[in-house]
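File shown: query00.pdb (PDB, C-alpha atoms, pLDDT in the B column).
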```
ATOM      1  CA  MET A   1       0.000   0.000   0.000  1.00 55.00           C
ATOM      2  CA  LYS A   2       2.850   2.339   0.896  1.00 62.00           C
ATOM      3  CA  LYS A   3       4.527   1.660  -2.424  1.00 63.00           C
ATOM      4  CA  GLN A   4       1.263   2.276  -4.273  1.00 65.00           C
ATOM      5  CA  PHE A   5       0.910   5.611  -2.488  1.00 69.00           C
ATOM      6  CA  VAL A   6       4.486   6.540  -3.428  1.00 70.00           C
ATOM      7  CA  SER A   7       3.766   5.489  -7.023  1.00 71.00           C
ATOM      8  CA  VAL A   8       0.738   7.779  -7.139  1.00 74.00           C
ATOM      9  CA  ILE A   9       2.854  10.666  -5.813  1.00 75.00           C
ATOM     10  CA  VAL A  10       5.578   9.984  -8.377  1.00 75.00           C
ATOM     11  CA  ILE A  11       3.012   9.777 -11.205  1.00 75.00           C
ATOM     12  CA  ALA A  12       1.380  13.005 -10.001  1.00 73.00           C
ATOM     13  CA  LEU A  13       4.795  14.733  -9.923  1.00 73.00           C
ATOM     14  CA  ALA A  14       5.517  13.411 -13.397  1.00 72.00           C
ATOM     15  CA  GLY A  15       2.160  14.778 -14.577  1.00 70.00           C
ATOM     16  CA  LEU A  16       2.931  18.153 -13.049  1.00 68.00           C
ATOM     17  CA  ALA A  17       6.358  18.138 -14.693  1.00 68.00           C
ATOM     18  CA  ILE A  18       4.748  17.467 -18.088  1.00 69.00           C
ATOM     19  CA  LEU A  19       2.222  20.246 -17.480  1.00 66.00           C
ATOM     20  CA  TYR A  20       4.994  22.609 -16.476  1.00 64.00           C
ATOM     21  CA  ALA A  21       7.059  21.757 -19.536  1.00 64.00           C
ATOM     22  CA  TRP A  22       4.006  22.091 -21.755  1.00 65.00           C
ATOM     23  CA  ALA A  23       3.042  25.434 -20.197  1.00 63.00           C
ATOM     24  CA  ASN A  24       6.527  26.742 -20.874  1.00 62.00           C
ATOM     25  CA  ALA A  25       6.605  25.431 -24.405  1.00 63.00           C
ATOM     26  CA  VAL A  26       3.370  26.875 -25.783  1.00 63.00           C
ATOM     27  CA  GLU A  27       1.603  30.174 -25.749  1.00 61.00           C
ATOM     28  CA  PRO A  28      -1.483  29.691 -23.529  1.00 60.00           C
ATOM     29  CA  PRO A  29      -4.757  30.179 -25.415  1.00 57.00           C
ATOM     30  CA  ARG A  30      -6.607  33.318 -24.387  1.00 62.00           C
ATOM     31  CA  ASP A  31     -10.238  32.419 -25.102  1.00 68.00           C
ATOM     32  CA  VAL A  32     -12.287  30.327 -22.706  1.00 69.00           C
ATOM     33  CA  LEU A  33     -13.203  27.571 -25.171  1.00 69.00           C
ATOM     34  CA  PRO A  34      -9.640  26.796 -26.375  1.00 67.00           C
ATOM     35  CA  ARG A  35      -8.425  26.951 -22.779  1.00 70.00           C
ATOM     36  CA  THR A  36     -11.114  24.527 -21.668  1.00 72.00           C
ATOM     37  CA  LEU A  37     -10.345  22.216 -24.574  1.00 71.00           C
ATOM     38  CA  ALA A  38      -6.614  22.377 -23.874  1.00 70.00           C
ATOM     39  CA  ALA A  39      -7.151  21.623 -20.193  1.00 74.00           C
ATOM     40  CA  THR A  40      -9.484  18.743 -21.069  1.00 76.00           C
ATOM     41  CA  VAL A  41      -6.927  17.227 -23.431  1.00 76.00           C
ATOM     42  CA  VAL A  42      -4.081  17.631 -20.945  1.00 75.00           C
ATOM     43  CA  PHE A  43      -6.000  16.029 -18.073  1.00 80.00           C
ATOM     44  CA  ALA A  44      -8.043  13.510 -20.054  1.00 81.00           C
ATOM     45  CA  ALA A  45      -5.166  11.981 -22.024  1.00 81.00           C
ATOM     46  CA  PRO A  46      -3.305  10.493 -19.014  1.00 82.00           C
ATOM     47  CA  LEU A  47      -6.608   9.426 -17.453  1.00 87.00           C
ATOM     48  CA  ALA A  48      -7.614   7.673 -20.674  1.00 87.00           C
ATOM     49  CA  VAL A  49      -4.239   5.916 -20.854  1.00 87.00           C
ATOM     50  CA  MET A  50      -4.573   4.790 -17.228  1.00 88.00           C
ATOM     51  CA  PHE A  51      -8.138   3.579 -17.828  1.00 90.00           C
ATOM     52  CA  LEU A  52      -7.065   1.526 -20.860  1.00 89.00           C
ATOM     53  CA  LYS A  53      -4.103   0.114 -18.947  1.00 87.00           C
ATOM     54  CA  LYS A  54      -6.291  -0.906 -16.004  1.00 89.00           C
ATOM     55  CA  ARG A  55      -8.796  -2.545 -18.338  1.00 90.00           C
ATOM     56  CA  HIS A  56      -6.026  -4.478 -20.080  1.00 87.00           C
ATOM     57  CA  GLN A  57      -4.615  -5.571 -16.722  1.00 85.00           C
ATOM     58  CA  ALA A  58      -8.048  -6.693 -15.536  1.00 87.00           C
ATOM     59  CA  ARG A  59      -8.535  -8.727 -18.715  1.00 87.00           C
ATOM     60  CA  THR A  60      -5.132 -10.425 -18.615  1.00 86.00           C
ATOM     61  CA  ARG A  61      -5.084 -10.636 -14.767  1.00 87.00           C
ATOM     62  CA  GLU A  62      -1.483  -9.338 -14.890  1.00 83.00           C
ATOM     63  CA  GLN A  63      -1.820  -7.543 -11.581  1.00 84.00           C
ATOM     64  CA  ALA A  64      -3.782 -10.297  -9.826  1.00 86.00           C
ATOM     65  CA  GLU A  65      -2.295 -11.754  -6.653  1.00 86.00           C
ATOM     66  CA  GLY A  66      -0.087 -14.692  -7.643  1.00 85.00           C
ATOM     67  CA  SER A  67       0.621 -13.556 -11.208  1.00 88.00           C
ATOM     68  CA  PHE A  68       4.308 -13.337 -11.872  1.00 86.00           C
ATOM     69  CA  GLU A  69       3.862 -10.012 -13.681  1.00 87.00           C
ATOM     70  CA  LYS A  70       2.736  -8.561 -10.344  1.00 88.00           C
ATOM     71  CA  ASP A  71       5.851  -9.957  -8.678  1.00 86.00           C
ATOM     72  CA  MET A  72       7.965  -8.306 -11.361  1.00 87.00           C
ATOM     73  CA  SER A  73       6.158  -4.979 -10.949  1.00 87.00           C
ATOM     74  CA  THR A  74       6.662  -5.059  -7.182  1.00 87.00           C
ATOM     75  CA  LEU A  75      10.356  -5.845  -7.529  1.00 86.00           C
ATOM     76  CA  ALA A  76      10.789  -3.181 -10.220  1.00 89.00           C
ATOM     77  CA  GLN A  77       8.943  -0.556  -8.155  1.00 89.00           C
ATOM     78  CA  SER A  78      11.123  -1.222  -5.109  1.00 90.00           C
ATOM     79  CA  VAL A  79      14.325  -0.562  -7.024  1.00 89.00           C
ATOM     80  CA  ALA A  80      12.991   2.106  -9.399  1.00 91.00           C
ATOM     81  CA  TYR A  81      11.777   4.073  -6.371  1.00 91.00           C
ATOM     82  CA  ILE A  82      15.405   4.672  -5.334  1.00 92.00           C
ATOM     83  CA  ASP A  83      16.338   5.455  -8.957  1.00 93.00           C
ATOM     84  CA  THR A  84      13.517   8.009  -9.110  1.00 92.00           C
ATOM     85  CA  LEU A  85      14.689   9.705  -5.924  1.00 93.00           C
ATOM     86  CA  VAL A  86      18.185  10.086  -7.402  1.00 94.00           C
ATOM     87  CA  ILE A  87      16.694  11.388 -10.664  1.00 93.00           C
ATOM     88  CA  LEU A  88      14.522  13.904  -8.773  1.00 92.00           C
ATOM     89  CA  VAL A  89      17.491  15.209  -6.788  1.00 93.00           C
ATOM     90  CA  GLY A  90      19.498  15.571 -10.016  1.00 92.00           C
ATOM     91  CA  THR A  91      16.559  17.349 -11.629  1.00 91.00           C
ATOM     92  CA  LEU A  92      16.259  19.728  -8.708  1.00 91.00           C
ATOM     93  CA  ALA A  93      19.929  20.639  -9.142  1.00 91.00           C
ATOM     94  CA  ALA A  94      19.441  21.110 -12.906  1.00 89.00           C
ATOM     95  CA  VAL A  95      16.388  23.317 -12.366  1.00 87.00           C
ATOM     96  CA  ALA A  96      18.323  25.419  -9.831  1.00 88.00           C
ATOM     97  CA  ILE A  97      21.174  25.874 -12.306  1.00 88.00           C
ATOM     98  CA  PHE A  98      18.987  26.535 -15.383  1.00 84.00           C
ATOM     99  CA  ALA A  99      16.327  28.605 -13.600  1.00 80.00           C
ATOM    100  CA  ASP A 100      14.228  30.803 -15.901  1.00 76.00           C
ATOM    101  CA  SER A 101      15.481  29.129 -19.044  1.00 80.00           C
ATOM    102  CA  MET A 102      14.126  26.522 -21.419  1.00 80.00           C
ATOM    103  CA  PHE A 103      16.636  23.985 -20.057  1.00 83.00           C
ATOM    104  CA  ALA A 104      14.766  23.889 -16.747  1.00 83.00           C
ATOM    105  CA  SER A 105      11.646  22.621 -18.556  1.00 81.00           C
ATOM    106  CA  LEU A 106      13.740  20.180 -20.564  1.00 85.00           C
ATOM    107  CA  ALA A 107      15.329  18.897 -17.345  1.00 87.00           C
ATOM    108  CA  LEU A 108      11.856  18.176 -15.929  1.00 86.00           C
ATOM    109  CA  LEU A 109      10.808  16.414 -19.101  1.00 85.00           C
ATOM    110  CA  LEU A 110      14.042  14.407 -19.052  1.00 90.00           C
ATOM    111  CA  ALA A 111      13.344  13.460 -15.421  1.00 91.00           C
ATOM    112  CA  VAL A 112       9.953  12.006 -16.384  1.00 88.00           C
ATOM    113  CA  ILE A 113      11.475  10.045 -19.265  1.00 90.00           C
ATOM    114  CA  LEU A 114      14.316   8.771 -17.059  1.00 92.00           C
ATOM    115  CA  ALA A 115      11.916   7.708 -14.277  1.00 91.00           C
ATOM    116  CA  ILE A 116       9.761   5.719 -16.722  1.00 90.00           C
ATOM    117  CA  THR A 117      12.862   4.212 -18.370  1.00 92.00           C
ATOM    118  CA  ALA A 118      14.271   3.267 -14.961  1.00 92.00           C
ATOM    119  CA  PHE A 119      11.057   1.414 -14.113  1.00 91.00           C
ATOM    120  CA  TRP A 120      11.056  -0.541 -17.389  1.00 91.00           C
ATOM    121  CA  PHE A 121      14.756  -1.337 -17.076  1.00 92.00           C
ATOM    122  CA  ARG A 122      14.171  -2.674 -13.560  1.00 91.00           C
ATOM    123  CA  TYR A 123      11.040  -4.535 -14.710  1.00 89.00           C
ATOM    124  CA  HIS A 124      12.963  -6.434 -17.369  1.00 88.00           C
ATOM    125  CA  ARG A 125      15.800  -7.167 -14.951  1.00 86.00           C
ATOM    126  CA  ALA A 126      13.253  -8.515 -12.465  1.00 83.00           C
ATOM    127  CA  GLN A 127      11.719 -10.631 -15.247  1.00 82.00           C
ATOM    128  CA  ARG A 128      15.100 -12.157 -16.090  1.00 81.00           C
ATOM    129  CA  SER A 129      15.788 -12.705 -12.413  1.00 77.00           C
ATOM    130  CA  LEU A 130      12.405 -14.313 -11.654  1.00 73.00           C
ATOM    131  CA  LEU A 131      12.409 -16.552 -14.697  1.00 71.00           C
ATOM    132  CA  ALA A 132      15.852 -17.763 -13.735  1.00 66.00           C
ATOM    133  CA  ASN A 133      14.322 -18.844 -10.398  1.00 55.00           C
ATOM    134  CA  LYS A 134      16.402 -16.338  -8.473  1.00 46.00           C
ATOM    135  CA  ARG A 135      14.852 -13.834  -6.131  1.00 42.00           C
ATOM    136  CA  ALA A 136      16.204 -10.317  -6.819  1.00 38.00           C
TER     137      ALA A 136
ATOM    138  CA  MET B   1      11.441 -26.431  -8.957  1.00 77.00           C
ATOM    139  CA  ASN B   2       9.786 -29.156 -11.023  1.00 84.00           C
ATOM    140  CA  ASN B   3       6.064 -29.785 -10.755  1.00 89.00           C
ATOM    141  CA  ARG B   4       3.166 -31.810 -12.132  1.00 92.00           C
ATOM    142  CA  ILE B   5       0.986 -28.852 -13.065  1.00 94.00           C
ATOM    143  CA  ALA B   6       0.977 -29.513 -16.821  1.00 93.00           C
ATOM    144  CA  GLU B   7       0.269 -33.208 -16.233  1.00 93.00           C
ATOM    145  CA  SER B   8      -2.592 -32.454 -13.829  1.00 93.00           C
ATOM    146  CA  ARG B   9      -4.031 -29.809 -16.123  1.00 94.00           C
ATOM    147  CA  LYS B  10      -4.018 -32.127 -19.118  1.00 94.00           C
ATOM    148  CA  SER B  11      -5.617 -34.897 -17.047  1.00 93.00           C
ATOM    149  CA  ALA B  12      -8.418 -32.496 -16.187  1.00 92.00           C
ATOM    150  CA  GLY B  13      -8.747 -31.597 -19.883  1.00 94.00           C
ATOM    151  CA  TRP B  14      -8.168 -27.912 -19.227  1.00 94.00           C
ATOM    152  CA  SER B  15      -6.376 -25.350 -21.340  1.00 94.00           C
ATOM    153  CA  GLN B  16      -3.765 -23.020 -19.842  1.00 93.00           C
ATOM    154  CA  GLU B  17      -6.208 -20.147 -20.316  1.00 92.00           C
ATOM    155  CA  HIS B  18      -8.907 -22.008 -18.378  1.00 94.00           C
ATOM    156  CA  LEU B  19      -6.568 -22.882 -15.514  1.00 95.00           C
ATOM    157  CA  ALA B  20      -5.416 -19.252 -15.404  1.00 93.00           C
ATOM    158  CA  ALA B  21      -9.043 -18.113 -15.168  1.00 92.00           C
ATOM    159  CA  VAL B  22      -9.840 -20.652 -12.433  1.00 94.00           C
ATOM    160  CA  LEU B  23      -6.824 -19.525 -10.390  1.00 93.00           C
ATOM    161  CA  GLY B  24      -7.308 -15.839 -11.194  1.00 92.00           C
ATOM    162  CA  VAL B  25      -3.805 -15.340 -12.565  1.00 92.00           C
ATOM    163  CA  SER B  26      -2.382 -14.503 -15.988  1.00 91.00           C
ATOM    164  CA  ARG B  27      -1.790 -17.167 -18.638  1.00 90.00           C
ATOM    165  CA  GLN B  28       1.900 -16.238 -18.661  1.00 88.00           C
ATOM    166  CA  THR B  29       2.042 -17.295 -15.024  1.00 91.00           C
ATOM    167  CA  ILE B  30       0.731 -20.770 -15.899  1.00 93.00           C
ATOM    168  CA  ILE B  31       3.252 -21.050 -18.744  1.00 91.00           C
ATOM    169  CA  ALA B  32       6.143 -20.041 -16.463  1.00 89.00           C
ATOM    170  CA  LEU B  33       4.931 -22.416 -13.737  1.00 91.00           C
ATOM    171  CA  GLU B  34       4.591 -25.392 -16.070  1.00 91.00           C
ATOM    172  CA  ARG B  35       8.082 -24.809 -17.421  1.00 87.00           C
ATOM    173  CA  GLY B  36       9.384 -24.773 -13.864  1.00 85.00           C
ATOM    174  CA  LYS B  37      10.799 -21.287 -14.371  1.00 84.00           C
ATOM    175  CA  TYR B  38       8.739 -19.580 -11.718  1.00 86.00           C
ATOM    176  CA  ASN B  39       8.102 -20.605  -8.128  1.00 87.00           C
ATOM    177  CA  PRO B  40       4.580 -19.660  -7.070  1.00 90.00           C
ATOM    178  CA  SER B  41       3.741 -17.843  -3.876  1.00 90.00           C
ATOM    179  CA  LEU B  42       2.469 -20.040  -1.032  1.00 92.00           C
ATOM    180  CA  PRO B  43      -1.205 -18.961  -1.474  1.00 92.00           C
ATOM    181  CA  LEU B  44      -1.031 -19.746  -5.202  1.00 93.00           C
ATOM    182  CA  ALA B  45       0.578 -23.122  -4.497  1.00 93.00           C
ATOM    183  CA  PHE B  46      -2.314 -23.933  -2.124  1.00 94.00           C
ATOM    184  CA  ARG B  47      -4.865 -22.771  -4.703  1.00 94.00           C
ATOM    185  CA  LEU B  48      -3.233 -24.989  -7.323  1.00 94.00           C
ATOM    186  CA  ALA B  49      -3.226 -27.999  -5.010  1.00 94.00           C
ATOM    187  CA  ARG B  50      -6.878 -27.475  -4.058  1.00 94.00           C
ATOM    188  CA  THR B  51      -7.889 -26.967  -7.692  1.00 94.00           C
ATOM    189  CA  PHE B  52      -6.395 -30.346  -8.613  1.00 94.00           C
ATOM    190  CA  LYS B  53      -7.613 -31.918  -5.358  1.00 93.00           C
ATOM    191  CA  THR B  54      -4.121 -32.917  -4.329  1.00 92.00           C
ATOM    192  CA  THR B  55      -1.427 -31.752  -1.933  1.00 92.00           C
ATOM    193  CA  ILE B  56       1.419 -29.319  -2.472  1.00 92.00           C
ATOM    194  CA  GLU B  57       3.909 -32.141  -1.871  1.00 91.00           C
ATOM    195  CA  ASP B  58       2.336 -34.181  -4.668  1.00 91.00           C
ATOM    196  CA  LEU B  59       2.141 -31.249  -7.059  1.00 91.00           C
ATOM    197  CA  PHE B  60       5.614 -29.828  -6.546  1.00 90.00           C
ATOM    198  CA  ILE B  61       8.821 -31.825  -6.620  1.00 86.00           C
ATOM    199  CA  PHE B  62      11.383 -30.270  -4.363  1.00 80.00           C
ATOM    200  CA  GLY B  63      14.829 -31.207  -5.661  1.00 73.00           C
ATOM    201  CA  GLU B  64      18.274 -30.866  -4.241  1.00 61.00           C
ATOM    202  CA  GLU B  65      18.456 -27.156  -4.971  1.00 56.00           C
ATOM    203  CA  GLU B  66      21.084 -24.952  -3.462  1.00 50.00           C
ATOM    204  CA  PRO B  67      19.370 -22.531  -1.106  1.00 51.00           C
ATOM    205  CA  ASP B  68      19.553 -18.840  -2.104  1.00 51.00           C
ATOM    206  CA  GLU B  69      21.991 -16.823  -0.043  1.00 44.00           C
TER     207      GLU B  69
END
```
Represent the supplied structure as structure tokens.
Amino acid sequence: MKKQFVSVIVIALAGLAILYAWANAVEPPRDVLPRTLAATVVFAAPLAVMFLKKRHQARTREQAEGSFEKDMSTLAQSVAYIDTLVILVGTLAAVAIFADSMFASLALLLAVILAITAFWFRYHRAQRSLLANKRA
Amino acid sequence: MNNRIAESRKSAGWSQEHLAAVLGVSRQTIIALERGKYNPSLPLAFRLARTFKTTIEDLFIFGEEEPDE
């Protein structure tokens, strides 16, 4: 449960980082309708992706108790959590150095990409480890 | 760890997909289990044994494996 809570926080931070990068990259629309549409797209897209992912997981039972995919996710989350902390600290330093420049936004975007990559790297390592009958 | 899951499943006339649905796990889990590449958790091992109306000792063959350090 604690790890799930941390995951939600990390995902929320990643979402905020994307929003921040996006807000710095585009000229905000002035009219109400385009602003509403833009906000809807920005918030609905991740929600739609999460909904589709959850539906796929429910169908394949990948995250059911006992499935080895769940074991891999748990192992990957444990290690990627530390990776993400290191990435966040590095990003904080980069943002402090590149304050008020485009590089600060790019650093945040890079942090999101690195955090996701770290998880998938750890997931595949956990898969190799589990399928070799060795506990990571 | 070797096991008799595939043998028991075939005796029951079940597909891997059906066994996965009965146990509430993914089909990949059944594949990995049958190949002996994945050791199930204790609750899943009990569920498997109960599904095939046997015991864990009969379903899983514990060899002379080196214990993990």
Near chain A, which residues of chain B fall within 10 Å when you count all atoms listed in the file, and what do they look like as a PyMOL selection string?
chain B and resi 1+17+20-21+23-30+32-33+35-45+47+68-69
Keeping C-alpha atoms, export the residues of the selection given above as a tab-separated table (two decimals), in the coordinates of the input.
```tsv
chain	number	residue	atom	x	y	z
B	1	MET	CA	11.44	-26.43	-8.96
B	17	GLU	CA	-6.21	-20.15	-20.32
B	20	ALA	CA	-5.42	-19.25	-15.40
B	21	ALA	CA	-9.04	-18.11	-15.17
B	23	LEU	CA	-6.82	-19.52	-10.39
B	24	GLY	CA	-7.31	-15.84	-11.19
B	25	VAL	CA	-3.80	-15.34	-12.56
B	26	SER	CA	-2.38	-14.50	-15.99
B	27	ARG	CA	-1.79	-17.17	-18.64
B	28	GLN	CA	1.90	-16.24	-18.66
B	29	THR	CA	2.04	-17.30	-15.02
B	30	ILE	CA	0.73	-20.77	-15.90
B	32	ALA	CA	6.14	-20.04	-16.46
B	33	LEU	CA	4.93	-22.42	-13.74
B	35	ARG	CA	8.08	-24.81	-17.42
B	36	GLY	CA	9.38	-24.77	-13.86
B	37	LYS	CA	10.80	-21.29	-14.37
B	38	TYR	CA	8.74	-19.58	-11.72
B	39	ASN	CA	8.10	-20.60	-8.13
B	40	PRO	CA	4.58	-19.66	-7.07
B	41	SER	CA	3.74	-17.84	-3.88
B	42	LEU	CA	2.47	-20.04	-1.03
B	43	PRO	CA	-1.20	-18.96	-1.47
B	44	LEU	CA	-1.03	-19.75	-5.20
B	45	ALA	CA	0.58	-23.12	-4.50
B	47	ARG	CA	-4.86	-22.77	-4.70
B	68	ASP	CA	19.55	-18.84	-2.10
B	69	GLU	CA	21.99	-16.82	-0.04
```
Using all atoms listed in the file, which residues sit within 12 Å of A:Thr84 once same-chain residues fewer than 6 positions away are excluded, as a VMD selection string?
chain A and resid 6 to 7 9 to 11 13 to 14 76 to 78 90 to 91 110 to 119 122
So how many Å separate atom CA of A:Thr40 and atom CA of A:Leu92, to one decimal?
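Between these atoms lies a distance of 28.6 Å.
With distances taken over all atoms listed in the file, B:Leu59 is the one residue among B:Thr54, B:Leu59, B:Leu48, B:Ile31 lying closest to B:Glu7.
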When distances are computed from all atoms listed in the file, which of A:Val8, A:Asp100, A:Thr36, A:Val49 shows the smallest separation from A:Tyr81?
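Using all atoms listed in the file, the shortest distance to A:Tyr81 belongs to A:Val8.
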Separation of atom CA of B:Ile61 and atom CA of A:Gln127, in Å?
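Answer for the atom CA of B:Ile61 to atom CA of A:Gln127 separation: 23.1 Å.
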Report, in Å to a single decimal, how far apart atom CA of A:Val89 and atom CA of A:Tyr123 are.
22.2 Å
Restricting the calculation to only C-alpha atoms: of B:Phe62, B:Val22, B:Lys10, B:Asn3, which residue gets closest to B:Arg50?
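Between B:Phe62, B:Val22, B:Lys10, B:Asn3, the residue approaching B:Arg50 most closely is B:Val22.
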Pick from A:Ala48, A:Met72, A:Arg35, A:His56, whichever lies nearest to A:His124 using all atoms listed in the file
A:Met72
